[in-house]
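Q: Mind looking over this structure? Questions follow.
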Amino acid sequence: MEALNKLTELSYALDTFYFLMSGALVMWMAAGFAMLEAGLVRAKNTTEILTKNIALFAIACIMYMLCGYNIMYPGDAAVNSIWPGISFLLGEENTVEAVLGSKGETYYSNLSDFFFQVVFVATAMSIVSGAVAERMKLWAFLAFAVVMTGFIYPLQGYWKWGGGFLDELGFLDFAGSGVVHLCGATAAFTGVLLLGARKGKYGENGEIHPIPGCNMPLATLGTFILWLGWFGFNGGSELKLSDVGEANAVAMVFVNTNAAAAGGVVAALVTAQMLFGKADLSMTLNGALAGLVAITAEPLTPTPLVATLIGAVGGLLVVLSIITIDKIKIDDPVGATSVHGVVGIWGLLAVCISNPDATLKAQLIGIVVIAGFVFVTSLITWFIIKVIMGIRVSEEDEYHGVDFSECGMEAYPEFTDSSKG
Amino acid sequence: MEALNKLTELSYALDTFYFLMSGALVMWMAAGFAMLEAGLVRAKNTTEILTKNIALFAIACIMYMLCGYNIMYPGDAAVNSIWPGISFLLGEENTVEAVLGSKGETYYSNLSDFFFQVVFVATAMSIVSGAVAERMKLWAFLAFAVVMTGFIYPLQGYWKWGGGFLDELGFLDFAGSGVVHLCGATAAFTGVLLLGARKGKYGENGEIHPIPGCNMPLATLGTFILWLGWFGFNGGSELKLSDVGEANAVAMVFVNTNAAAAGGVVAALVTAQMLFGKADLSMTLNGALAGLVAITAEPLTPTPLVATLIGAVGGLLVVLSIITIDKIKIDDPVGATSVHGVVGIWGLLAVCISNPDATLKAQLIGIVVIAGFVFVTSLITWFIIKVIMGIRVSEEDEYHGVDFSECGMEAYPEFTDSSKG
Amino acid sequence: MEALNKLTELSYALDTFYFLMSGALVMWMAAGFAMLEAGLVRAKNTTEILTKNIALFAIACIMYMLCGYNIMYPGDAAVNSIWPGISFLLGEENTVEAVLGSKGETYYSNLSDFFFQVVFVATAMSIVSGAVAERMKLWAFLAFAVVMTGFIYPLQGYWKWGGGFLDELGFLDFAGSGVVHLCGATAAFTGVLLLGARKGKYGENGEIHPIPGCNMPLATLGTFILWLGWFGFNGGSELKLSDVGEANAVAMVFVNTNAAAAGGVVAALVTAQMLFGKADLSMTLNGALAGLVAITAEPLTPTPLVATLIGAVGGLLVVLSIITIDKIKIDDPVGATSVHGVVGIWGLLAVCISNPDATLKAQLIGIVVIAGFVFVTSLITWFIIKVIMGIRVSEEDEYHGVDFSECGMEAYPEFTDSSKG
């Protein structure tokens with residue numbers, strides 16, 4: 001009996017540690033988004049995007065603590081399966097007695113779960129910042145971050161992961177191709193629609209002017225950081241590690257996450273080579289991310305070979321999607337809509353390939369509900385912010401770079417000619 | 001019995017692994033300081049600060065192995081509570097019998113403890129390098145690193161964490177707002193005092209010339225690295241993980257560490273916006289670090305909301321402190337004195353807010369003892385080095401950049417005009 | 001009985017988690033190589049080397065999954081100790097019954113082992129990319145990566161780690177100074193021999209023109225990433241964590257890995273200062289890597305002091321080797337041959353210093369077999385690729401930078417004058 005109790009405690013410690021390490025890896029994704037986006041914008045807009053990235057992470061942590069977590073995981077406080085109750089996090093924790101008496105139900109620290117979840121909401125918000133880069137007012141963006149991380153994300157998250165109606169419907173989304181990536185991409189897309197394209201992106205005669213990123217090593221670093229962080233993102237979403245079956249599952253998730261990213265890289269690289277005649281690095285990076293997004297909805301049931309193929313389809317799709325979205329003159333500087341939105345949908349549909357519990361109907365409903373809900377609420381939010389404070393910087397500020405107008409500081413003061421447009 | 005013994009061994013393995021993972025995260029902070037400082041200096045002084053950062057880490061590891069660890073944690077070899085004994089690390093480890101017979105006293109590998117501690121001393125030393133940037137001789141700095149990491153840091157560390165008189169007095173410092181951050185900041189401050197300001201920083205008529213950092217993405221990356229590493233720094237300082245109470249404690253430390261950083265970001269961003277009318281990125285980054293330093297003395301007892309507020313006060317303080325220190329013409333290029341010193345003191349005082357065991361008196365004594373001891377010993381050390389080899393490069397070398405004079409190598413040879421001053 | 005079974009399961013979970021965390025750290029080394037190499041080449045060849053690094057990682061993951069893993073670890077499918085059988089990974093896993101019935105033989109997830117191994121093969125391949133930088137065709141390099149990661153690396157890996165004849169001979173190589181580093185360096189060396197030097201590297205009158213790296217902060221970041229990742233590389237190679245003896249061993253490996261890197265830094269820094277009169281950063285970075293490579297063959301049996309010295313000899317050797325290799329006009333832009341080859345051999349010989357089971361004869365046989373086999377097979381592979389598609393870009397493309405010719409994209413479009421040669 002003493003041994004069994006000690007064993008239960010040790011198991012609790014291991015699962016808690018697994019949550020915390022996974023959460024630390026997901027937190028690290030914030031640095032990945034910051035570097036990726038800083039590498040893909042122009043030098044004159046770099047300080048601002050860095051500021052946005054660190055500030056949105058902080059806002060996400062505070063808002064999710066204040067209300068988001070309780071909206072998303074209300075526990076017994078839920079009013080019904082659509083609208084949860086709201087209470088506040090006080091740092092309450094499981095007692096030894098509760099753990100020992102729970103027959104394995106209570107097997108990790110509440111706060112480790114909060115930590116894991118809070119870094120997820122930051123990920124969703126990070127997706128938005130790249131898409132609206134180079135032309136949005138900093139404080140308008142941060143105002144949106146407050147609403148997104150405190151209310152929009154948690155509410156749709158509750159519908160699936162909190163046990164709400166999407167979960168009851170049989171919608172499957174292991175680690176968040178929908179709840180996180182499609183959600184973030186939809187919010188980003190809404191912002192892009194309201195903002196309009198960057199000056200100079202589309203010519204008067206319909207021609208498209210590519211605006212190359214200023215620092216490709218940073219973009220590559222960001223991609224590698226995201227790849228690493230994704231092991232926490234998907235690997236931690238198994239939510240348990242401490243027996244043979246769960247340990248095997250976590251290992252499978254790691255392997256498949258890696259395999260899908262590899263598939264995405266190769267597919268995007270080959271596609272770009274065939275379409276452009278060159279090994280386009282930015283497409284290759286987006287291919288890696290697409291592979292990761294694609295496998296996120298179901299990294300457990302495919303074999304590694306199937307995971308590679310799911311990622312490869314993601315890598316192919318992301319190249320075609322980026323080209324198409326550019327053609328219809330929706331200006332998303334980092335391709336966030338394609339990577340997280342289009343490929344997020346692919347990931348949700350691909351669950352049906354390997355998981356016999358999935359139904360195409362439930363997956364489609366989930367996609368429509370998440371995209372629809374986030375589209376409407378984001379549009380309203382952006383619109384209100386636009387009316388109150390405006391969302392786009394002046395043409396002159398955009399010309400000189402938002403670094404000056406928003407942050408009063410250049411990112412590379414010694415390397416670039418600040419008189420350059 | 002067999003089960004209980006195996007359980008004790010498994011528990012030992014988990015706690016050891018927890019130490020090693022925490023230590024790896026703290027080691028990663030060395031990269032964070034290197035990137036932060038490389039981003040905040042001018043291009044012409046970048047190679048030198050990178051060289052300092054990697055060399056100080058190596059020196060810290062060697063000196064702490066040779067003598068620092070035994071000074072700080074003398075075990076039975078301590079002569080008394082002021083002056084410890086000195087022996088040398090031979091890699092001795094706990095036997096299975098010792099572990100099983102210890103009734104839980106010996107619950108992790110000695111070498112994992114050494115690994116965790118050795119990366120801490122490197123952190124303390126990293127704080128110094130930024131403050132003396134752009135004008136100090138490289139080898140003078142490294143000579144100071146030998147003394148600091150081998151003797152000054154370990155001795156004051158012994159007074160608290162090794163069970164010395166500060167510990168006996170009831171001084172509380174969970175993960176080192178005092179032992180690490182105030183210690184490093186004081187040594188940095190002493191160096192700055194002896195060195196004087198950079199040429200051109202303060203004009204003849206009392207005006208202050210800002211010298212912007214050359215690479216803000218690097219500075220931001222460094223901040224994110226430090227944020228991640230801090231989960232090891234504070235999280236590992238609970239020193240045990242393997243039962244329900246300890247696992248809960250480690251989770252609380254992770255959550256509070258993250259919350260305080262978030263609070264620091266928002267407070268510094270808002271303060272900077274109000275004072276300067278711009279969202280100053282470098283202040284925001286320092287706000288994140290200030291939040292982290294502030295919570296380091298007590299990341300366990302506050303609720304997450306209180307932790308956020310403790311961090312926010314840190315973020316506010318760091319902005320005011322950087323402005324003030326600049327006004328009194330103490331030239332600290334990266335704000336290390338403010339981030340680690342002023343906010344370190346705030347962190348030590350803030351222990352009294354949430355921990356009923358803390359007394360203001362003991363905290364004040366700890367602050368005075370650490371700052372006083374490090375100030376005096378550092379001053380003597382810097383002075384001796386100055387007499388023997390000089391600590392400041394020539395005016396001409398400073399003008400052309402210490403990269404040429406100290407390292408013979410430019411950091412960005414293709415990006416900057418090397419004829420530029 | 002119930003307690004013992006649960007204990008076995010928990011132990012399995014911990015060892016699996018240890019593998020996965022170690023593997024994640026090794027995966028992170030891919031980012032380290034990418035940043036190191038991107039920092040050490042010229043701006044005009046940066047996009048291409050980034051593309052190579054992310055693509056080779058993806059190719060390594062796919063090829064090792066398709067055939068490499070089964071060649072290297074054939075298990076019962078081995079035909080004999082020279083040539084293994086080939087089957088394909090289907091994601092099969094241990095059942096609870098198999099684990100409980102194995103009396104401790106089956107103590108971690110198969111897939112976690114695959115994950116750990118797959119990131120190793122990527123490391124070996126990453127070594128090649130730097131050496132052939134700035135003049136090789138991208139697709140020729142990737143074709144080589146297919147053969148190297150699918151066949152050459154796994155076959156020689158099987159001879160040691162898969163239980164083949166080198167293992168039977170008593171050749172010792174804990175984490176791969178030979179199997180990974182010497183292997184990668186030999187393949188790199190062969191490529192360099194066939195490619196020839198970069199234009200402008202060696203003058204007509206025999207003079208050597210240094211070609212400085214364009215971004216030293218990136219190179220430093222890469223080194224720190226590799227240092228961190230090496231804790232997984234060596235630490236995970238103990239292959240077990242879950243009892244007192246194993247936990248002690250893993251801790252010792254962490255401490256010694258860190259100590260050797262520190263020794264390498266100091267030795268290289270001092271050697272460079274003595275030889276050149278300057279604290280050469282790129283030599284110092286190579287010193288850190290050399291210390292890490294040197295300890296990789298035996299990070300367990302030395303004391304930390306001896307590990308520091310083994311690393312220091314590595315740091316000294318790497319400086320001398322880089323100078324010598326440059327003098328004999330073998331153009332290795334990042335020093336990969338010296339760091340991983342020359343120092344890899346030193347590491348394999350140094351096993352004899354601390355491990356009584358090692359024999360100089362077996363170590364020498366291992367060195368000759370690995371280097372000889374990889375040399376011959378790589379040479380044939382490079383030669384076939386050369387005949388089919390050519391391996392070197394045109395002089396004009398080399399002059400303008402391979403970024404244009406291979407990737408159609410600049411790495412720093414706003415920072416460099418693209419008309420510059």
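A note on labels: chains of the structure tokens are A, B, ... as shown, every chain counts residues from 1, and ligands are counted from 1 in their shown order.
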If the cut-off is 6 Å, can you tell me the residues of chain C near chain B, counting only C-alpha atoms? I'd like them as a PyMOL selection string.
A: chain C and resi 4+214-216+224+242-244+247-248+251+255+262+278-281+303+415-416
Q: Now that the selection is made, can you save its residues with N, CA and C atoms as a short mmCIF file (atom, residue, chain, number, x, y, z; two decimals), in the first residue's frame?
A:
data_model
loop_
_atom_site.label_atom_id
_atom_site.label_comp_id
_atom_site.auth_asym_id
_atom_site.auth_seq_id
_atom_site.Cartn_x
_atom_site.Cartn_y
_atom_site.Cartn_z
N LEU C 4 4.83 -3.82 -8.60
CA LEU C 4 6.02 -4.04 -9.43
C LEU C 4 5.72 -3.82 -10.92
N CYS C 214 30.20 36.13 -42.83
CA CYS C 214 29.50 37.42 -42.91
C CYS C 214 28.71 37.77 -41.67
N ASN C 215 28.53 36.82 -40.76
CA ASN C 215 27.60 37.11 -39.67
C ASN C 215 28.03 36.32 -38.42
N MET C 216 28.92 36.92 -37.64
CA MET C 216 29.48 36.20 -36.50
C MET C 216 28.48 35.94 -35.37
N PHE C 224 26.38 27.83 -29.70
CA PHE C 224 25.64 27.63 -28.45
C PHE C 224 24.52 26.59 -28.63
N SER C 242 16.89 5.02 -15.70
CA SER C 242 15.90 4.79 -14.65
C SER C 242 16.34 4.09 -13.37
N ASP C 243 17.63 3.95 -13.12
CA ASP C 243 18.02 3.52 -11.77
C ASP C 243 19.19 4.38 -11.30
N VAL C 244 19.65 4.14 -10.09
CA VAL C 244 20.66 5.01 -9.51
C VAL C 244 21.93 5.04 -10.35
N ALA C 247 21.27 6.85 -13.70
CA ALA C 247 21.07 8.29 -13.50
C ALA C 247 22.40 8.97 -13.20
N ASN C 248 23.22 8.33 -12.36
CA ASN C 248 24.56 8.87 -12.11
C ASN C 248 25.35 8.97 -13.40
N ALA C 251 24.22 11.87 -15.55
CA ALA C 251 24.69 13.12 -14.96
C ALA C 251 26.18 13.33 -15.25
N VAL C 255 27.96 16.48 -17.25
CA VAL C 255 29.05 17.28 -16.68
C VAL C 255 30.28 17.23 -17.56
N ALA C 262 34.09 23.49 -22.47
CA ALA C 262 34.76 24.61 -21.80
C ALA C 262 36.27 24.53 -22.01
N LYS C 278 45.60 37.84 -31.44
CA LYS C 278 44.22 38.31 -31.30
C LYS C 278 43.35 37.17 -30.77
N ALA C 279 42.28 37.53 -30.08
CA ALA C 279 41.33 36.54 -29.58
C ALA C 279 40.35 36.20 -30.70
N ASP C 280 40.74 35.27 -31.53
CA ASP C 280 40.00 34.94 -32.75
C ASP C 280 38.69 34.22 -32.40
N LEU C 281 37.56 34.88 -32.71
CA LEU C 281 36.27 34.29 -32.33
C LEU C 281 35.98 33.00 -33.09
N THR C 303 37.08 11.68 -15.25
CA THR C 303 36.61 12.66 -14.26
C THR C 303 36.39 13.97 -14.99
N PHE C 415 20.60 44.59 -47.15
CA PHE C 415 21.81 44.93 -46.39
C PHE C 415 23.08 44.91 -47.21
N THR C 416 23.06 44.19 -48.33
CA THR C 416 24.30 44.06 -49.07
C THR C 416 24.12 44.63 -50.46
#
Q: List as a list in words the protein and nucleic acid residues near Lys327 (chain C), meaning an atom at most 12 Å away when only C-alpha atoms are counted, but skip any in the same chain fewer than 6 places from it.
A: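 Returned residues: Lys201, Tyr202, Gly206, Glu207, Ile208, His209, Pro210, Leu320 and Ser321 of chain C.
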Q: Dump all heavy atoms for the selected residues as a compact mmCIF listing (two decimals), in the first residue's frame?
A:
# COMPACT_ATOMS: atom_id res chain seq x y z
N LYS C 201 40.20 31.89 -53.31
CA LYS C 201 40.68 31.48 -51.99
C LYS C 201 42.21 31.38 -51.99
O LYS C 201 42.86 31.79 -51.04
CB LYS C 201 40.05 30.12 -51.63
CG LYS C 201 40.57 29.48 -50.35
CD LYS C 201 40.19 30.25 -49.10
CE LYS C 201 40.91 29.69 -47.89
NZ LYS C 201 40.79 30.50 -46.69
N TYR C 202 42.76 30.78 -53.05
CA TYR C 202 44.21 30.64 -53.12
C TYR C 202 44.72 31.39 -54.34
O TYR C 202 44.25 31.18 -55.46
CB TYR C 202 44.61 29.17 -53.19
CG TYR C 202 44.08 28.38 -52.00
CD1 TYR C 202 43.10 27.42 -52.16
CD2 TYR C 202 44.56 28.65 -50.72
CE1 TYR C 202 42.60 26.73 -51.06
CE2 TYR C 202 44.06 27.96 -49.62
CZ TYR C 202 43.09 27.00 -49.79
OH TYR C 202 42.58 26.34 -48.72
N GLY C 206 50.48 31.27 -54.64
CA GLY C 206 50.46 30.42 -53.46
C GLY C 206 49.95 31.11 -52.20
O GLY C 206 49.89 30.49 -51.14
N GLU C 207 49.55 32.37 -52.31
CA GLU C 207 49.08 33.04 -51.09
C GLU C 207 47.65 32.59 -50.76
O GLU C 207 46.87 32.22 -51.64
CB GLU C 207 49.16 34.57 -51.24
CG GLU C 207 48.14 35.19 -52.17
CD GLU C 207 48.60 35.18 -53.62
OE1 GLU C 207 49.47 34.36 -53.97
OE2 GLU C 207 48.05 35.98 -54.39
N ILE C 208 47.36 32.64 -49.47
CA ILE C 208 46.03 32.22 -48.99
C ILE C 208 45.23 33.47 -48.64
O ILE C 208 45.69 34.32 -47.87
CB ILE C 208 46.17 31.32 -47.75
CG1 ILE C 208 46.99 30.07 -48.10
CG2 ILE C 208 44.80 30.94 -47.20
CD1 ILE C 208 47.40 29.26 -46.90
N HIS C 209 44.04 33.59 -49.21
CA HIS C 209 43.18 34.74 -48.89
C HIS C 209 42.09 34.32 -47.93
O HIS C 209 41.23 33.53 -48.31
CB HIS C 209 42.55 35.30 -50.16
CG HIS C 209 43.53 35.78 -51.17
ND1 HIS C 209 43.53 35.37 -52.48
CD2 HIS C 209 44.59 36.62 -51.05
CE1 HIS C 209 44.53 35.94 -53.13
NE2 HIS C 209 45.19 36.69 -52.28
N PRO C 210 42.11 34.85 -46.75
CA PRO C 210 41.01 34.50 -45.85
C PRO C 210 39.69 35.05 -46.38
O PRO C 210 39.65 36.14 -46.95
CB PRO C 210 41.39 35.18 -44.53
CG PRO C 210 42.53 36.08 -44.81
CD PRO C 210 43.04 35.83 -46.18
N LEU C 320 45.37 24.14 -34.86
CA LEU C 320 46.51 23.71 -35.67
C LEU C 320 46.05 23.03 -36.96
O LEU C 320 46.60 23.24 -38.04
CB LEU C 320 47.40 22.76 -34.87
CG LEU C 320 47.94 23.33 -33.54
CD1 LEU C 320 48.79 22.30 -32.82
CD2 LEU C 320 48.71 24.62 -33.78
N SER C 321 45.00 22.24 -36.84
CA SER C 321 44.51 21.51 -38.00
C SER C 321 43.92 22.45 -39.05
O SER C 321 44.17 22.29 -40.25
CB SER C 321 43.46 20.49 -37.55
OG SER C 321 42.83 19.91 -38.65
Q: Do you have the CA of Val270 (chain A)-CA of Thr190 (chain C) distance handy?
A: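 Atom-to-atom, CA of Val270 (chain A) to CA of Thr190 (chain C), that is 26.8 Å.
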Q: Would you list the contacts of Ala272 (chain B) as a list in words, taking every protein, DNA or RNA residue within 9 Å and counting only C-alpha atoms, but skipping same-chain residues closer than 3 positions in sequence?
A: Ala267, Ala268, Leu269, Leu275, Phe276, Gly277, Lys278, Ala279, Asp280, Leu281, Met283, Thr284, Leu316 and Val319 of chain B
Q: List every residue of region 80-147 of chain C that DSSP, applied to the backbone of this structure, places in helix (DSSP H, G or I), and write the result as a VMD selection string.
A: chain C and resid 96 to 101 110 to 131 138 to 147
Q: Skipping near chain neighbours, those fewer than 3 positions away, what residues fall within 10 Å of Val147 (chain B) using only C-alpha atoms, listed as a JSON list (two decimals) with N, CA, C and O atoms, in the first residue's frame?
A:
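The file below, result-v8.json, is the result:
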[["chain", "number", "residue", "atom", "x", "y", "z"],
["B", 59, "ILE", "N", 35.21, 29.75, -18.77],
["B", 59, "ILE", "CA", 36.00, 30.03, -17.56],
["B", 59, "ILE", "C", 35.17, 29.73, -16.31],
["B", 59, "ILE", "O", 35.67, 29.14, -15.34],
["B", 60, "ALA", "N", 33.92, 30.13, -16.33],
["B", 60, "ALA", "CA", 33.05, 29.86, -15.18],
["B", 60, "ALA", "C", 32.98, 28.37, -14.91],
["B", 60, "ALA", "O", 33.07, 27.92, -13.75],
["B", 63, "MET", "N", 36.53, 27.24, -13.47],
["B", 63, "MET", "CA", 36.84, 27.76, -12.13],
["B", 63, "MET", "C", 35.89, 27.19, -11.08],
["B", 63, "MET", "O", 36.29, 26.90, -9.96],
["B", 68, "GLY", "N", 35.15, 26.78, -7.05],
["B", 68, "GLY", "CA", 33.92, 27.47, -6.68],
["B", 68, "GLY", "C", 32.88, 26.57, -6.02],
["B", 68, "GLY", "O", 32.29, 26.93, -5.00],
["B", 142, "LEU", "N", 38.34, 38.82, -18.84],
["B", 142, "LEU", "CA", 38.44, 37.39, -18.57],
["B", 142, "LEU", "C", 39.20, 37.13, -17.26],
["B", 142, "LEU", "O", 38.88, 36.18, -16.53],
["B", 143, "ALA", "N", 40.17, 37.99, -16.97],
["B", 143, "ALA", "CA", 40.87, 37.85, -15.68],
["B", 143, "ALA", "C", 39.89, 38.07, -14.53],
["B", 143, "ALA", "O", 39.89, 37.34, -13.53],
["B", 144, "PHE", "N", 39.02, 39.08, -14.70],
["B", 144, "PHE", "CA", 38.00, 39.30, -13.67],
["B", 144, "PHE", "C", 37.08, 38.09, -13.56],
["B", 144, "PHE", "O", 36.68, 37.69, -12.45],
["B", 150, "GLY", "N", 35.39, 31.96, -9.58],
["B", 150, "GLY", "CA", 36.09, 31.01, -8.71],
["B", 150, "GLY", "C", 35.98, 31.35, -7.24],
["B", 150, "GLY", "O", 36.04, 30.46, -6.38],
["B", 151, "PHE", "N", 35.78, 32.65, -6.92],
["B", 151, "PHE", "CA", 35.85, 33.05, -5.51],
["B", 151, "PHE", "C", 34.70, 33.96, -5.05],
["B", 151, "PHE", "O", 34.01, 33.64, -4.08],
["B", 152, "ILE", "N", 34.49, 35.08, -5.75],
["B", 152, "ILE", "CA", 33.53, 36.06, -5.23],
["B", 152, "ILE", "C", 32.12, 35.49, -5.22],
["B", 152, "ILE", "O", 31.44, 35.49, -4.18],
["B", 153, "TYR", "N", 31.66, 35.00, -6.35],
["B", 153, "TYR", "CA", 30.31, 34.43, -6.41],
["B", 153, "TYR", "C", 30.15, 33.26, -5.45],
["B", 153, "TYR", "O", 29.17, 33.22, -4.68],
["B", 377, "THR", "N", 34.92, 43.50, -2.98],
["B", 377, "THR", "CA", 35.84, 42.53, -3.58],
["B", 377, "THR", "C", 36.01, 42.76, -5.09],
["B", 377, "THR", "O", 37.10, 42.61, -5.62],
["B", 378, "SER", "N", 34.93, 43.16, -5.76],
["B", 378, "SER", "CA", 35.04, 43.44, -7.20],
["B", 378, "SER", "C", 35.93, 44.65, -7.43],
["B", 378, "SER", "O", 36.76, 44.66, -8.35],
["B", 381, "THR", "N", 39.42, 43.73, -7.07],
["B", 381, "THR", "CA", 39.85, 42.88, -8.19],
["B", 381, "THR", "C", 40.06, 43.70, -9.46],
["B", 381, "THR", "O", 41.09, 43.60, -10.13],
["B", 382, "TRP", "N", 39.04, 44.52, -9.80],
["B", 382, "TRP", "CA", 39.18, 45.38, -10.98],
["B", 382, "TRP", "C", 40.41, 46.27, -10.84],
["B", 382, "TRP", "O", 41.12, 46.51, -11.83]]
Q: Could you tell me which of C:Glu238, C:Glu298, C:Glu105, C:Asp331 comes closest to Val192 (chain C) if we count only C-alpha atoms?
A: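 Smallest distance to Val192 (chain C) is found for C:Asp331.
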Q: List the neighbours of Leu292 (chain C) out to 8 Å using only C-alpha atoms; skip same-chain residues closer than 4 positions along the sequence, and give me the result as a PyMOL selection string.
A: chain C and resi 227+230+257-258+260-261+264+288+296+311
Q: Go ahead and write the selection's residues with N, CA, C and O atoms as a JSON list (two decimals), in the first residue's frame.
A:
[["chain", "number", "residue", "atom", "x", "y", "z"],
["C", 227, "TRP", "N", 26.13, 23.24, -28.61],
["C", 227, "TRP", "CA", 26.55, 22.93, -27.23],
["C", 227, "TRP", "C", 25.35, 22.38, -26.45],
["C", 227, "TRP", "O", 25.42, 21.34, -25.80],
["C", 230, "TRP", "N", 24.17, 19.00, -27.68],
["C", 230, "TRP", "CA", 25.10, 17.92, -27.37],
["C", 230, "TRP", "C", 24.76, 17.23, -26.04],
["C", 230, "TRP", "O", 25.13, 16.08, -25.83],
["C", 257, "THR", "N", 30.52, 16.46, -20.78],
["C", 257, "THR", "CA", 30.29, 17.10, -22.07],
["C", 257, "THR", "C", 30.49, 18.61, -21.95],
["C", 257, "THR", "O", 31.17, 19.24, -22.77],
["C", 258, "ASN", "N", 29.92, 19.17, -20.90],
["C", 258, "ASN", "CA", 30.07, 20.60, -20.66],
["C", 258, "ASN", "C", 31.53, 20.96, -20.37],
["C", 258, "ASN", "O", 32.05, 21.96, -20.89],
["C", 260, "ALA", "N", 34.28, 19.43, -21.28],
["C", 260, "ALA", "CA", 35.14, 19.32, -22.46],
["C", 260, "ALA", "C", 34.95, 20.51, -23.39],
["C", 260, "ALA", "O", 35.92, 21.04, -23.95],
["C", 261, "ALA", "N", 33.71, 20.96, -23.55],
["C", 261, "ALA", "CA", 33.46, 22.14, -24.38],
["C", 261, "ALA", "C", 34.18, 23.34, -23.78],
["C", 261, "ALA", "O", 34.80, 24.13, -24.51],
["C", 264, "GLY", "N", 37.80, 23.13, -24.48],
["C", 264, "GLY", "CA", 38.07, 23.43, -25.88],
["C", 264, "GLY", "C", 38.07, 24.93, -26.16],
["C", 264, "GLY", "O", 38.91, 25.44, -26.90],
["C", 288, "ALA", "N", 35.13, 25.22, -29.05],
["C", 288, "ALA", "CA", 34.00, 24.66, -28.30],
["C", 288, "ALA", "C", 33.52, 23.37, -28.96],
["C", 288, "ALA", "O", 33.33, 22.33, -28.30],
["C", 296, "THR", "N", 33.00, 12.99, -27.15],
["C", 296, "THR", "CA", 31.85, 12.22, -27.58],
["C", 296, "THR", "C", 32.12, 10.72, -27.61],
["C", 296, "THR", "O", 31.21, 9.91, -27.40],
["C", 311, "GLY", "N", 38.99, 17.86, -23.81],
["C", 311, "GLY", "CA", 38.42, 18.93, -24.63],
["C", 311, "GLY", "C", 39.47, 19.97, -25.00],
["C", 311, "GLY", "O", 39.49, 20.47, -26.13]]
